[in-house]
file query_6.txt (compact mmCIF, C-alpha atoms)
# COMPACT_ATOMS: atom_id res chain seq x y z
CA MET A 1291 -17.46 1.18 0.95
CA VAL A 1292 -15.95 3.09 3.82
CA THR A 1293 -18.22 4.51 6.52
CA ILE A 1294 -17.29 7.71 8.33
CA THR A 1295 -19.33 8.01 11.50
CA GLU A 1296 -21.03 11.25 12.47
CA SER A 1297 -18.60 11.87 15.32
CA ALA A 1298 -15.63 11.33 12.95
CA ARG A 1299 -17.12 13.65 10.31
CA PHE A 1300 -17.53 16.50 12.79
CA TYR A 1301 -14.07 15.90 14.28
CA LEU A 1302 -12.55 15.98 10.80
CA LYS A 1303 -14.56 19.12 10.01
CA GLU A 1304 -12.95 20.86 13.00
CA LEU A 1305 -9.49 19.80 11.84
CA LEU A 1306 -10.17 20.92 8.27
CA GLU A 1307 -11.32 24.35 9.44
CA LYS A 1308 -7.83 24.87 10.89
CA GLN A 1309 -6.27 24.17 7.48
CA ALA A 1310 -6.95 27.15 5.24
CA ASP A 1311 -6.27 25.32 1.98
CA ALA A 1312 -7.74 21.88 2.74
CA LEU A 1313 -10.74 20.94 0.62
CA GLY A 1314 -11.52 17.73 2.49
CA VAL A 1315 -9.80 14.45 3.23
CA ARG A 1316 -8.32 11.75 1.04
CA VAL A 1317 -8.70 8.11 2.11
CA PHE A 1318 -6.31 5.50 0.74
CA ILE A 1319 -4.43 2.35 1.63
CA ASN A 1320 -0.68 1.99 1.24
CA SER A 1321 0.28 -1.52 0.00
CA PRO A 1322 -3.34 -2.75 -0.16
CA GLY A 1323 -3.89 -6.48 -0.07
CA THR A 1324 -0.57 -7.19 1.64
CA PRO A 1325 0.47 -7.80 5.25
CA LYS A 1326 1.97 -4.28 5.24
CA ALA A 1327 -1.32 -2.58 4.30
CA GLU A 1328 -1.87 0.70 6.10
CA THR A 1329 -5.11 2.69 5.91
CA CYS A 1330 -4.56 6.44 5.76
CA ILE A 1331 -6.52 9.67 5.94
CA ALA A 1332 -4.79 12.85 4.83
CA TYR A 1333 -5.76 16.45 4.23
CA CYS A 1334 -6.75 16.85 0.60
CA ARG A 1335 -5.62 20.08 -1.01
CA GLU A 1336 -5.94 21.26 -4.60
CA GLY A 1337 -3.89 18.88 -6.74
CA ASP A 1338 -3.80 16.05 -4.16
CA MET A 1339 -6.71 14.13 -5.61
CA GLN A 1340 -6.19 11.81 -8.56
CA GLU A 1341 -8.36 11.70 -11.67
CA THR A 1342 -9.59 8.24 -10.71
CA ASP A 1343 -10.46 9.12 -7.09
CA GLU A 1344 -14.09 8.78 -6.12
CA GLU A 1345 -15.47 11.96 -4.55
CA ARG A 1346 -17.93 11.26 -1.74
CA ASP A 1347 -20.04 13.66 0.30
CA PHE A 1348 -19.87 12.86 4.01
CA ALA A 1349 -21.63 16.03 5.14
CA PRO A 1350 -20.23 18.26 6.47
CA ILE A 1351 -16.98 17.09 4.81
CA THR A 1352 -15.94 15.80 1.40
CA ALA A 1353 -13.72 12.77 0.99
CA TRP A 1354 -11.80 11.57 -2.02
CA ILE A 1355 -11.35 7.79 -2.03
CA GLU A 1356 -8.39 6.41 -3.97
CA ALA A 1357 -9.78 4.15 -6.72
CA ARG A 1358 -7.15 1.46 -6.14
CA SER A 1359 -8.13 1.29 -2.45
CA ILE A 1360 -11.90 1.02 -2.91
CA PRO A 1361 -12.15 -2.80 -2.88
CA PHE A 1362 -9.96 -2.94 0.24
CA LEU A 1363 -12.08 -0.32 2.04
CA GLU A 1364 -15.21 -2.46 1.95
CA ASP A 1365 -16.65 -2.58 5.50
CA ALA A 1366 -14.08 0.00 6.70
CA VAL A 1367 -15.18 2.36 9.49
CA VAL A 1368 -13.64 5.68 10.48
CA ASP A 1369 -14.77 6.66 13.97
CA TYR A 1370 -13.97 9.25 16.61
CA ALA A 1371 -14.48 8.45 20.28
CA THR A 1372 -13.96 10.85 23.15
CA ASP A 1373 -12.23 9.80 26.34
CA LYS A 1374 -10.64 11.38 29.41
CA MET A 1375 -7.62 12.46 27.37
CA GLY A 1376 -9.67 14.11 24.62
CA GLY A 1377 -10.42 11.64 21.89
CA GLN A 1378 -9.08 9.36 19.23
CA LEU A 1379 -9.75 8.91 15.53
CA THR A 1380 -9.68 5.23 14.58
CA ILE A 1381 -9.76 3.50 11.25
CA LYS A 1382 -10.81 -0.13 11.08
CA ALA A 1383 -10.43 -1.65 7.64
CA PRO A 1384 -10.85 -5.42 7.99
CA ASN A 1385 -10.25 -6.03 4.28
CA ALA A 1386 -7.16 -3.84 3.85
CA LYS A 1387 -4.76 -6.78 4.03
CA MET A 1388 -6.95 -9.24 2.16
CA PRO A 1389 -5.61 -10.12 -1.27
CA ARG A 1390 -8.23 -9.07 -3.80
CA VAL A 1391 -6.36 -9.56 -6.98
CA ASP A 1392 -7.48 -10.61 -10.42
CA VAL A 1393 -6.29 -10.00 -13.98
CA ASP A 1394 -7.91 -6.56 -13.98
CA SER A 1395 -6.18 -5.40 -10.77
CA PRO A 1396 -3.45 -2.74 -11.03
CA ILE A 1397 -0.04 -4.22 -11.82
CA GLU A 1398 1.32 -3.04 -8.43
CA ASP A 1399 -1.35 -5.05 -6.60
CA ARG A 1400 -0.64 -8.17 -8.65
CA ILE A 1401 3.12 -7.85 -8.05
CA ASN A 1402 2.63 -7.34 -4.30
CA TYR A 1403 0.31 -10.34 -4.16
CA LEU A 1404 2.92 -12.59 -5.79
CA LEU A 1405 5.77 -11.20 -3.68
CA TYR A 1406 3.95 -11.73 -0.38
CA ASN A 1407 2.28 -15.03 -1.21
CA GLU A 1408 4.77 -16.86 -3.44
CA VAL A 1409 8.21 -15.24 -3.32
CA ASN A 1410 8.63 -14.08 0.28
CA PRO A 1411 7.67 -17.40 1.90
CA SER A 1412 10.66 -18.96 0.09
CA LEU A 1413 13.00 -16.11 1.00
CA ALA A 1414 11.88 -16.30 4.64
CA ALA A 1415 13.75 -19.59 4.97
CA HIS A 1416 16.93 -17.50 4.71
CA GLY A 1417 15.58 -14.63 6.79
CA GLY A 1418 14.99 -12.46 3.73
CA ASP A 1419 12.23 -10.67 1.93
CA VAL A 1420 11.64 -8.49 -1.11
CA SER A 1421 9.22 -5.60 -1.58
CA LEU A 1422 8.03 -3.50 -4.48
CA VAL A 1423 9.26 0.09 -4.58
CA GLU A 1424 7.59 1.13 -7.84
CA VAL A 1425 6.74 0.13 -11.38
CA THR A 1426 8.35 2.34 -14.01
CA GLU A 1427 6.59 3.64 -17.12
CA ASP A 1428 8.36 0.96 -19.17
CA GLN A 1429 6.85 -1.75 -16.91
CA ILE A 1430 10.00 -2.57 -14.91
CA ALA A 1431 9.38 -3.54 -11.27
CA ILE A 1432 11.88 -1.83 -8.97
CA LEU A 1433 12.43 -4.05 -5.93
CA ARG A 1434 14.20 -3.80 -2.59
CA PHE A 1435 15.58 -6.83 -0.77
CA GLY A 1436 15.77 -6.94 3.01
CA GLY A 1437 16.84 -9.19 5.86
CA GLY A 1438 19.11 -12.04 4.85
CA CYS A 1439 18.85 -11.06 1.17
CA GLN A 1440 20.47 -7.67 1.67
CA GLY A 1441 24.16 -8.10 0.89
CA CYS A 1442 23.75 -11.81 0.06
CA SER A 1443 26.18 -13.02 -2.60
CA ALA A 1444 23.41 -15.10 -4.23
CA VAL A 1445 20.95 -12.22 -4.63
CA SER A 1446 21.51 -11.84 -8.39
CA ILE A 1447 20.56 -15.49 -8.90
CA THR A 1448 17.54 -15.06 -6.62
CA LEU A 1449 16.52 -11.94 -8.55
CA LYS A 1450 16.78 -13.40 -12.07
CA ASP A 1451 16.01 -17.11 -11.60
CA GLY A 1452 13.48 -16.74 -8.80
CA VAL A 1453 11.77 -13.38 -8.46
CA GLU A 1454 11.86 -12.16 -12.06
CA LYS A 1455 10.89 -15.56 -13.46
CA THR A 1456 7.90 -15.85 -11.07
CA LEU A 1457 6.68 -12.32 -11.76
CA THR A 1458 7.09 -12.25 -15.54
CA GLU A 1459 5.51 -15.69 -16.02
CA GLN A 1460 2.39 -14.63 -14.12
CA ILE A 1461 2.29 -10.97 -15.17
CA PRO A 1462 3.08 -11.01 -18.92
CA GLU A 1463 3.01 -7.21 -19.35
CA LEU A 1464 5.86 -6.87 -16.82
CA ALA A 1465 9.05 -6.24 -18.83
CA GLY A 1466 11.46 -7.17 -16.04
CA VAL A 1467 12.75 -6.38 -12.57
CA ARG A 1468 15.56 -4.29 -11.11
CA ASP A 1469 17.08 -4.37 -7.66
CA MET A 1470 17.71 -1.05 -5.92
CA THR A 1471 19.04 -2.56 -2.69
CA ASP A 1472 22.35 -1.38 -1.24
CA HIS A 1473 24.14 -4.73 -1.06
CA THR A 1474 27.32 -3.26 0.41
CA ASP A 1475 25.80 -3.77 3.87
CA ARG A 1476 26.39 -7.49 4.44
CA SER A 1477 25.70 -7.51 8.19
CA ASN A 1478 22.56 -9.68 7.90
CA SER A 1479 23.29 -11.49 4.65
CA TYR A 1480 22.55 -15.19 4.41
CA TYR A 1481 25.60 -16.09 2.28
call {"tool": "encode", "arguments": {"input": "query_6.txt", "output": "structure tokens"}}
result
Amino acid sequence: MVTITESARFYLKELLEKQADALGVRVFINSPGTPKAETCIAYCREGDMQETDEERDFAPITAWIEARSIPFLEDAVVDYATDKMGGQLTIKAPNAKMPRVDVDSPIEDRINYLLYNEVNPSLAAHGGDVSLVEVTEDQIAILRFGGGCQGCSAVSITLKDGVEKTLTEQIPELAGVRDMTDHTDRSNSYY
């Protein structure tokens, strides 16, 4: 699990004292298990925490850890070091980008894993990529194409015969995919 050093805890305490409505901090990873993973710490106010968050006491502060991020925060360290310019808060999360996906992982993590490890390597040959925007309540993956795929005349074939087929075969509860890319911009398109 994540470690918050003593110097980081007291630095965060000072910051929190300047925020009248902040209850603590929330630690989470955007796009965990992918090359785009980004570890984040944010002020946590009433209503910011999720039901599944894990509340942890890092005296003198409280942190809420996003449940989805917990496996990716293993061995993570939040530290604060002073220097001539003041100081810097750093977050080192060596496992944030490591794929840790199994059948029990959230559907978003499984989709991202397949996109980054199976789909995007093929699209890279044409200078393209695809990323997950969201999964709707009816289990539709909303995707955005980039690079050579944006504006490409073959994108509908790529979407249905490539991306959707790969995702729905390996994630049976996924009902389908939709593309939300603006394909009117053809400046980088492959075809």
call {"tool": "closest_residue", "arguments": {"input": "query_6.txt", "among": "A:Ala1383, A:Ile1401, A:Ala1444, A:Cys1439", "to": "Val1467 of chain A", "atoms": "all atoms listed in the file"}}
result
A:Ile1401
call {"tool": "atom_distance", "arguments": {"input": "query_6.txt", "atom1": "atom CA of Glu1424 of chain A", "atom2": "atom CA of Arg1316 of chain A"}}
result
21.1 Å
call {"tool": "atom_distance", "arguments": {"input": "query_6.txt", "atom1": "atom CA of Leu1449 of chain A", "atom2": "atom CA of His1473 of chain A"}}
result
12.9 Å
call {"tool": "closest_residue", "arguments": {"input": "query_6.txt", "among": "A:Ala1371, A:Ala1415, A:Leu1464, A:Ile1447", "to": "Ile1397 of chain A", "atoms": "only C-alpha atoms"}}
result
A:Leu1464
call {"tool": "closest_atom_pairs", "arguments": {"input": "query_6.txt", "of": "segment 1346-1366 of chain A", "to": "segment 1297-1311 of chain A", "cutoff": "8 Å", "atoms": "only C-alpha atoms", "output": "CSV"}}
result
residue,atom,partner,partner_atom,distance
A:Phe1348,CA,A:Arg1299,CA,6.9
A:Ala1349,CA,A:Arg1299,CA,7.3
A:Pro1350,CA,A:Lys1303,CA,6.7
A:Ile1351,CA,A:Lys1303,CA,6.1
call {"tool": "atom_distance", "arguments": {"input": "query_6.txt", "atom1": "atom CA of Thr1293 of chain A", "atom2": "atom CA of Ala1332 of chain A"}}
result
15.9 Å
call {"tool": "build_atoms", "arguments": {"input": "query_6.txt", "residues": "segment 1333-1367 of chain A", "atoms": "N, CA and C atoms", "output": "compact mmCIF listing (two decimals), keeping the file's coordinate frame"}}
result
# COMPACT_ATOMS: atom_id res chain seq x y z
N TYR A 1333 -5.13 15.24 4.75
CA TYR A 1333 -5.76 16.45 4.23
C TYR A 1333 -5.67 16.42 2.72
N CYS A 1334 -6.73 16.83 2.06
CA CYS A 1334 -6.75 16.85 0.60
C CYS A 1334 -6.80 18.30 0.15
N ARG A 1335 -5.72 18.71 -0.50
CA ARG A 1335 -5.62 20.08 -1.01
C ARG A 1335 -5.73 20.03 -2.54
N GLU A 1336 -5.88 21.18 -3.14
CA GLU A 1336 -5.94 21.26 -4.60
C GLU A 1336 -4.73 20.54 -5.19
N GLY A 1337 -4.97 19.62 -6.10
CA GLY A 1337 -3.89 18.88 -6.74
C GLY A 1337 -3.56 17.57 -6.06
N ASP A 1338 -4.08 17.31 -4.86
CA ASP A 1338 -3.80 16.05 -4.16
C ASP A 1338 -4.64 14.89 -4.69
N MET A 1339 -5.84 15.19 -5.14
CA MET A 1339 -6.71 14.13 -5.61
C MET A 1339 -6.27 13.67 -7.00
N GLN A 1340 -6.52 12.39 -7.26
CA GLN A 1340 -6.19 11.81 -8.56
C GLN A 1340 -7.45 11.79 -9.43
N GLU A 1341 -7.25 11.74 -10.74
CA GLU A 1341 -8.36 11.70 -11.67
C GLU A 1341 -9.32 10.56 -11.39
N THR A 1342 -8.78 9.43 -10.93
CA THR A 1342 -9.59 8.24 -10.71
C THR A 1342 -10.21 8.17 -9.32
N ASP A 1343 -9.88 9.12 -8.43
CA ASP A 1343 -10.46 9.12 -7.09
C ASP A 1343 -11.97 9.26 -7.17
N GLU A 1344 -12.64 8.66 -6.21
CA GLU A 1344 -14.09 8.78 -6.12
C GLU A 1344 -14.41 9.85 -5.07
N GLU A 1345 -15.09 10.89 -5.48
CA GLU A 1345 -15.47 11.96 -4.55
C GLU A 1345 -16.77 11.57 -3.87
N ARG A 1346 -16.75 11.64 -2.51
CA ARG A 1346 -17.93 11.26 -1.74
C ARG A 1346 -18.28 12.38 -0.76
N ASP A 1347 -19.56 12.65 -0.64
CA ASP A 1347 -20.04 13.66 0.30
C ASP A 1347 -20.36 12.97 1.62
N PHE A 1348 -19.61 13.33 2.65
CA PHE A 1348 -19.87 12.86 4.01
C PHE A 1348 -20.19 14.11 4.83
N ALA A 1349 -21.29 14.75 4.52
CA ALA A 1349 -21.63 16.03 5.14
C ALA A 1349 -21.32 16.02 6.63
N PRO A 1350 -20.60 16.99 7.10
CA PRO A 1350 -20.23 18.26 6.47
C PRO A 1350 -18.85 18.26 5.79
N ILE A 1351 -18.29 17.11 5.47
CA ILE A 1351 -16.98 17.09 4.81
C ILE A 1351 -17.08 16.33 3.48
N THR A 1352 -16.06 16.54 2.66
CA THR A 1352 -15.94 15.80 1.40
C THR A 1352 -14.72 14.90 1.52
N ALA A 1353 -14.85 13.70 0.99
CA ALA A 1353 -13.72 12.77 0.99
C ALA A 1353 -13.47 12.29 -0.42
N TRP A 1354 -12.20 12.16 -0.77
CA TRP A 1354 -11.80 11.57 -2.02
C TRP A 1354 -11.21 10.21 -1.68
N ILE A 1355 -11.77 9.16 -2.30
CA ILE A 1355 -11.35 7.79 -2.03
C ILE A 1355 -10.49 7.33 -3.21
N GLU A 1356 -9.28 6.90 -2.91
CA GLU A 1356 -8.39 6.41 -3.97
C GLU A 1356 -9.03 5.20 -4.64
N ALA A 1357 -9.12 5.22 -5.97
CA ALA A 1357 -9.78 4.15 -6.72
C ALA A 1357 -9.16 2.78 -6.42
N ARG A 1358 -7.85 2.73 -6.39
CA ARG A 1358 -7.15 1.46 -6.14
C ARG A 1358 -7.52 0.88 -4.78
N SER A 1359 -7.84 1.74 -3.82
CA SER A 1359 -8.13 1.29 -2.45
C SER A 1359 -9.58 0.88 -2.23
N ILE A 1360 -10.46 1.25 -3.13
CA ILE A 1360 -11.90 1.02 -2.91
C ILE A 1360 -12.24 -0.42 -2.54
N PRO A 1361 -11.76 -1.44 -3.26
CA PRO A 1361 -12.15 -2.80 -2.88
C PRO A 1361 -11.65 -3.20 -1.48
N PHE A 1362 -10.55 -2.60 -1.05
CA PHE A 1362 -9.96 -2.94 0.24
C PHE A 1362 -10.61 -2.16 1.38
N LEU A 1363 -11.39 -1.13 1.03
CA LEU A 1363 -12.08 -0.32 2.04
C LEU A 1363 -13.51 -0.80 2.30
N GLU A 1364 -13.89 -1.90 1.69
CA GLU A 1364 -15.21 -2.46 1.95
C GLU A 1364 -15.32 -2.81 3.44
N ASP A 1365 -16.38 -2.38 4.07
CA ASP A 1365 -16.65 -2.58 5.50
C ASP A 1365 -15.73 -1.77 6.42
N ALA A 1366 -14.96 -0.84 5.87
CA ALA A 1366 -14.08 0.00 6.70
C ALA A 1366 -14.92 1.04 7.43
N VAL A 1367 -14.48 1.37 8.66
CA VAL A 1367 -15.18 2.36 9.49
C VAL A 1367 -14.16 3.33 10.07
